[in-house]
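Below is final_0.txt, which holds compact mmCIF, C-alpha atoms.
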# COMPACT_ATOMS: atom_id res chain seq x y z
CA MET T 292 -25.90 51.36 183.64
CA PRO T 293 -27.04 52.88 186.95
CA GLU T 294 -28.69 56.28 186.72
CA ARG T 295 -26.15 57.79 189.14
CA VAL T 296 -23.27 56.74 186.87
CA LYS T 297 -24.99 58.29 183.85
CA ILE T 298 -25.51 61.57 185.71
CA ARG T 299 -21.87 61.58 186.86
CA ARG T 300 -20.64 61.01 183.30
CA LEU T 301 -22.87 63.77 181.99
CA MET T 302 -21.59 66.13 184.67
CA ASN T 303 -18.01 65.20 183.79
CA LEU T 304 -18.69 65.88 180.12
CA CYS T 305 -20.30 69.25 180.85
CA THR T 306 -17.41 70.18 183.13
CA ALA T 307 -14.83 69.19 180.53
CA LEU T 308 -16.63 71.19 177.83
CA GLY T 309 -16.89 74.15 180.19
CA LEU T 310 -13.17 74.01 180.97
CA LEU T 311 -12.34 73.79 177.26
CA GLY T 312 -14.56 76.80 176.61
CA CYS T 313 -12.86 78.75 179.40
CA ALA T 314 -9.44 77.79 178.09
CA ALA T 315 -10.40 78.93 174.58
CA LEU T 316 -11.69 82.23 175.95
CA VAL T 317 -8.49 82.74 177.92
CA ALA T 318 -6.33 81.96 174.87
CA TYR T 319 -8.34 84.40 172.75
CA GLY T 320 -8.16 87.08 175.44
CA TRP T 321 -4.41 86.66 175.81
CA HIS T 322 -3.89 86.83 172.04
CA GLU T 323 -6.03 89.96 171.78
CA GLN T 324 -4.35 91.54 174.86
CA LEU T 325 -7.67 91.76 176.70
CA PHE T 326 -5.93 91.02 179.99
CA THR T 327 -3.20 93.61 179.58
CA SER T 328 -4.75 96.50 177.63
CA GLN T 329 -7.73 98.54 178.82
CA GLU T 330 -8.25 99.92 175.31
CA ALA T 331 -8.34 96.43 173.79
CA LEU T 332 -10.85 95.25 176.40
CA GLN T 333 -13.05 98.32 175.82
CA ARG T 334 -13.05 97.76 172.05
CA CYS T 335 -13.91 94.10 172.53
CA ILE T 336 -16.78 94.80 174.93
CA ALA T 337 -18.13 97.66 172.76
CA GLY T 338 -18.18 95.32 169.77
CA PHE T 339 -20.88 93.23 171.45
CA GLY T 340 -23.23 96.19 171.77
CA ALA T 341 -26.07 95.53 174.21
CA LEU T 342 -24.54 92.15 175.07
CA GLY T 343 -21.33 93.81 176.24
CA ALA T 344 -22.36 93.64 179.89
CA LEU T 345 -23.00 89.90 179.67
CA VAL T 346 -19.64 89.39 177.99
CA PHE T 347 -17.92 91.29 180.79
CA VAL T 348 -19.75 89.26 183.46
CA ALA T 349 -18.55 86.08 181.72
CA PHE T 350 -15.04 87.55 181.58
CA GLN T 351 -15.07 88.17 185.33
CA ALA T 352 -16.41 84.68 186.02
CA VAL T 353 -13.62 83.12 183.97
CA GLN T 354 -11.07 85.22 185.87
CA VAL T 355 -12.14 83.43 189.05
CA VAL T 356 -12.29 79.91 187.58
CA ILE T 357 -8.92 80.31 185.81
CA PRO T 358 -7.02 82.93 187.83
CA ILE T 359 -4.82 85.03 185.54
CA LEU T 360 -4.78 88.54 186.96
CA PRO T 361 -5.43 89.83 190.49
CA GLY T 362 -9.19 90.21 190.93
CA GLY T 363 -8.83 93.91 191.71
CA LEU T 364 -7.68 94.66 188.17
CA GLY T 365 -10.82 93.10 186.71
CA CYS T 366 -12.92 95.17 189.12
CA LEU T 367 -11.14 98.30 187.96
CA GLY T 368 -11.93 97.34 184.36
CA GLY T 369 -15.63 97.06 185.19
CA VAL T 370 -15.70 100.54 186.70
CA LEU T 371 -13.80 102.09 183.80
CA LEU T 372 -16.04 100.38 181.25
CA PHE T 373 -19.45 100.84 182.86
CA GLY T 374 -19.08 103.49 185.56
CA PRO T 375 -18.88 103.01 189.34
CA TRP T 376 -22.38 101.68 190.04
CA MET T 377 -23.07 99.43 187.06
CA GLY T 378 -19.43 98.40 187.09
CA PHE T 379 -19.91 97.25 190.67
CA VAL T 380 -23.05 95.29 189.73
CA TYR T 381 -21.35 93.51 186.81
CA ASN T 382 -18.22 92.82 188.85
CA TYR T 383 -20.35 91.38 191.65
CA ALA T 384 -22.37 89.16 189.31
CA GLY T 385 -19.35 87.80 187.46
CA ILE T 386 -17.27 87.15 190.57
CA CYS T 387 -20.13 85.41 192.38
CA ILE T 388 -20.84 83.17 189.37
CA GLY T 389 -17.16 82.32 189.02
CA SER T 390 -16.80 81.65 192.75
CA VAL T 391 -19.68 79.17 192.74
CA ALA T 392 -18.26 77.49 189.62
CA ALA T 393 -14.85 77.11 191.30
CA PHE T 394 -16.49 75.64 194.42
CA LEU T 395 -18.46 73.10 192.37
CA LEU T 396 -15.41 72.10 190.33
CA ALA T 397 -13.49 71.42 193.53
CA LYS T 398 -16.45 69.42 194.91
CA LEU T 399 -16.36 67.31 191.77
CA TYR T 400 -12.62 66.77 191.39
CA GLY T 401 -11.29 67.24 194.93
CA ARG T 402 -7.73 67.93 196.05
CA PRO T 403 -5.99 66.86 192.80
CA LEU T 404 -7.52 69.91 191.12
CA LEU T 405 -5.97 72.21 193.74
CA SER T 406 -2.57 70.60 193.23
CA ALA T 407 -2.86 71.07 189.47
CA MET T 408 -3.86 74.74 189.64
CA PHE T 409 -2.06 76.26 192.65
CA LYS T 410 1.43 76.38 194.09
CA PRO T 411 2.21 73.92 196.91
CA GLU T 412 3.19 76.87 199.13
CA THR T 413 -0.28 78.42 198.74
CA ILE T 414 -2.00 75.15 199.57
CA ALA T 415 0.25 74.54 202.57
CA LYS T 416 -0.30 78.07 203.89
CA TYR T 417 -4.08 77.65 204.16
CA GLU T 418 -4.21 73.90 204.78
CA ALA T 419 -4.54 74.44 208.54
CA TRP T 420 -7.79 76.36 208.00
CA THR T 421 -9.58 73.14 207.06
CA ALA T 422 -8.76 71.60 210.45
CA ARG T 423 -10.26 74.49 212.39
CA ARG T 424 -13.44 76.56 212.02
CA PHE T 425 -13.09 76.80 208.27
CA ASP T 426 -16.52 78.36 207.65
CA ALA T 427 -15.77 81.32 209.94
CA LEU T 428 -12.25 81.81 208.60
CA PHE T 429 -13.48 81.59 205.01
CA ALA T 430 -16.25 84.14 205.66
CA ALA T 431 -13.79 86.57 207.23
CA ALA T 432 -11.36 86.19 204.31
CA ILE T 433 -14.13 86.85 201.78
CA PHE T 434 -15.39 89.92 203.66
CA PHE T 435 -11.92 91.37 204.26
CA PRO T 436 -9.82 91.12 201.06
CA VAL T 437 -6.66 89.85 202.76
CA ALA T 438 -6.37 86.35 201.24
CA PRO T 439 -6.46 84.74 197.75
CA ASP T 440 -10.23 84.49 197.29
CA ASP T 441 -10.04 82.40 194.12
CA PHE T 442 -7.94 79.73 195.81
CA LEU T 443 -10.13 79.76 198.92
CA CYS T 444 -13.24 79.11 196.79
CA TYR T 445 -11.56 76.00 195.42
CA LEU T 446 -10.35 75.02 198.90
CA ALA T 447 -13.89 75.40 200.26
CA GLY T 448 -15.04 72.89 197.67
CA THR T 449 -12.77 70.25 199.21
CA THR T 450 -14.31 70.68 202.67
CA PRO T 451 -17.70 69.45 203.97
CA MET T 452 -19.15 72.94 203.43
CA ARG T 453 -22.46 72.82 201.56
CA LEU T 454 -23.29 74.90 198.48
CA ARG T 455 -26.04 76.80 200.31
CA ARG T 456 -23.68 78.01 203.04
CA PHE T 457 -20.92 78.80 200.53
CA SER T 458 -23.31 80.81 198.34
CA ALA T 459 -24.59 82.77 201.35
CA ILE T 460 -21.04 83.69 202.38
CA ILE T 461 -20.13 84.77 198.85
CA LEU T 462 -23.33 86.75 198.23
CA LEU T 463 -23.16 88.55 201.57
CA GLY T 464 -19.41 88.90 201.91
CA LYS T 465 -18.34 89.90 198.41
CA PRO T 466 -20.05 93.32 198.08
CA ALA T 467 -17.74 95.03 200.58
CA SER T 468 -14.48 93.81 199.04
CA ILE T 469 -15.70 94.36 195.46
CA ALA T 470 -16.80 97.90 196.30
CA LEU T 471 -13.42 98.54 197.90
CA TYR T 472 -11.58 97.28 194.84
CA SER T 473 -13.95 98.85 192.31
CA LEU T 474 -14.25 102.33 193.77
CA GLY T 475 -10.88 102.48 195.52
CA LEU T 476 -8.83 101.44 192.51
CA GLU T 477 -10.91 103.70 190.25
CA THR T 478 -10.04 106.67 192.47
CA VAL T 479 -6.35 105.76 192.44
CA PHE T 480 -6.44 105.27 188.67
CA ARG T 481 -8.06 108.67 188.08
CA HIS T 482 -5.53 110.43 190.30
CA ALA T 483 -2.64 108.65 188.60
CA ALA T 484 -4.00 109.53 185.16
CA ALA T 485 -4.37 113.18 186.15
CA LEU T 486 -0.83 113.19 187.55
CA PHE T 487 0.96 111.50 184.67
CA CYS T 488 -1.34 112.44 181.79
CA PRO T 489 -2.74 115.89 182.70
CA GLY T 490 -3.86 116.62 179.18
CA ALA T 491 -5.74 113.36 178.66
In structure tokens, write the structure found in this file.
Amino acid sequence: MPERVKIRRLMNLCTALGLLGCAALVAYGWHEQLFTSQEALQRCIAGFGALGALVFVAFQAVQVVIPILPGGLGCLGGVLLFGPWMGFVYNYAGICIGSVAAFLLAKLYGRPLLSAMFKPETIAKYEAWTARRFDALFAAAIFFPVAPDDFLCYLAGTTPMRLRRFSAIILLGKPASIALYSLGLETVFRHAAALFCPGA
């Protein structure tokens, strides 16, 4: 058997195992209400002690690979769990890891993966980007949080864009939007809590 075929099969196996692991984590999180209850998520993270930060980074990465909630809510969770600065760092790390994973999955499986994961309307809306200057449009969308970043990471994987360029755009473009989500939503949350729960 050619070496290239062996490597491809090994990559397919690793990808399948990774997807199964992500699916199991999502199922556990849904059962334990980790995606809908801040208190449940805090208890879960605290239970891991010093490894709690790594667990949260993995949680954020999975949120990108298997989109369940809007990314801003996960960013808010990081700030509430770890404070504004470390929350930003952990949000940034998890989202960047998940973004690269989504890009590589799309490189491996192509357009059928997009069709299986996203609505046809979403795909059709951004399809035209791939026929124009996709790199520039993608970079602008990542820097300014005005488009579905998770989907665009998958879409980028179906274009000729290379991993090095994709990673540079993610690493340089994500901090602004993550900071906006992390600190902005934290401020809104605090004000809302003070308004509706003044004695808390």
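Put simply, CA of Gly385 (chain T) is 4.8 Å away from CA of Gln351 (chain T).
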Contacts of region 406-423 of chain T at 8 Å (all atoms listed in the file; same-chain gap of 4+ positions) as a ChimeraX atom specification: /T:402,428,442,450
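Residues near the point (-19.4, 92.9, 185.1), at a distance of 9 Å or less over only C-alpha atoms, make up Ala344, Leu345, Val346, Phe347, Val348, Ala349, Phe350, Gln351, Ala352, Gly365, Cys366, Gly368, Gly369, Val370, Phe373, Met377, Gly378, Phe379, Val380, Tyr381, Asn382, Tyr383, Ala384, Gly385 and Ile386 of chain T.
Among the candidates T:Ile433, T:Ala337, T:Leu399, T:Leu405, the one nearest to Leu446 (chain T) when counting only C-alpha atoms is T:Leu405.
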For Leu454 (chain T), the nearest of the candidates T:Ala427, T:Ala393, T:Ile469, T:Leu404, counting all atoms listed in the file: T:Ala393
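As for CA of Ala431 (chain T) and CA of Val391 (chain T), they are spaced 17.3 Å apart.
Nearest residue to Ala467 (chain T) among T:Ala318, T:Leu395, T:Ala331, T:Ala432 is T:Ala432, counting all atoms listed in the file.
When only C-alpha atoms are used to compute distances to Leu462 (chain T), the closest of the residues T:Gly401, T:Cys387, T:Tyr319, T:Ala392 turns out to be T:Cys387.
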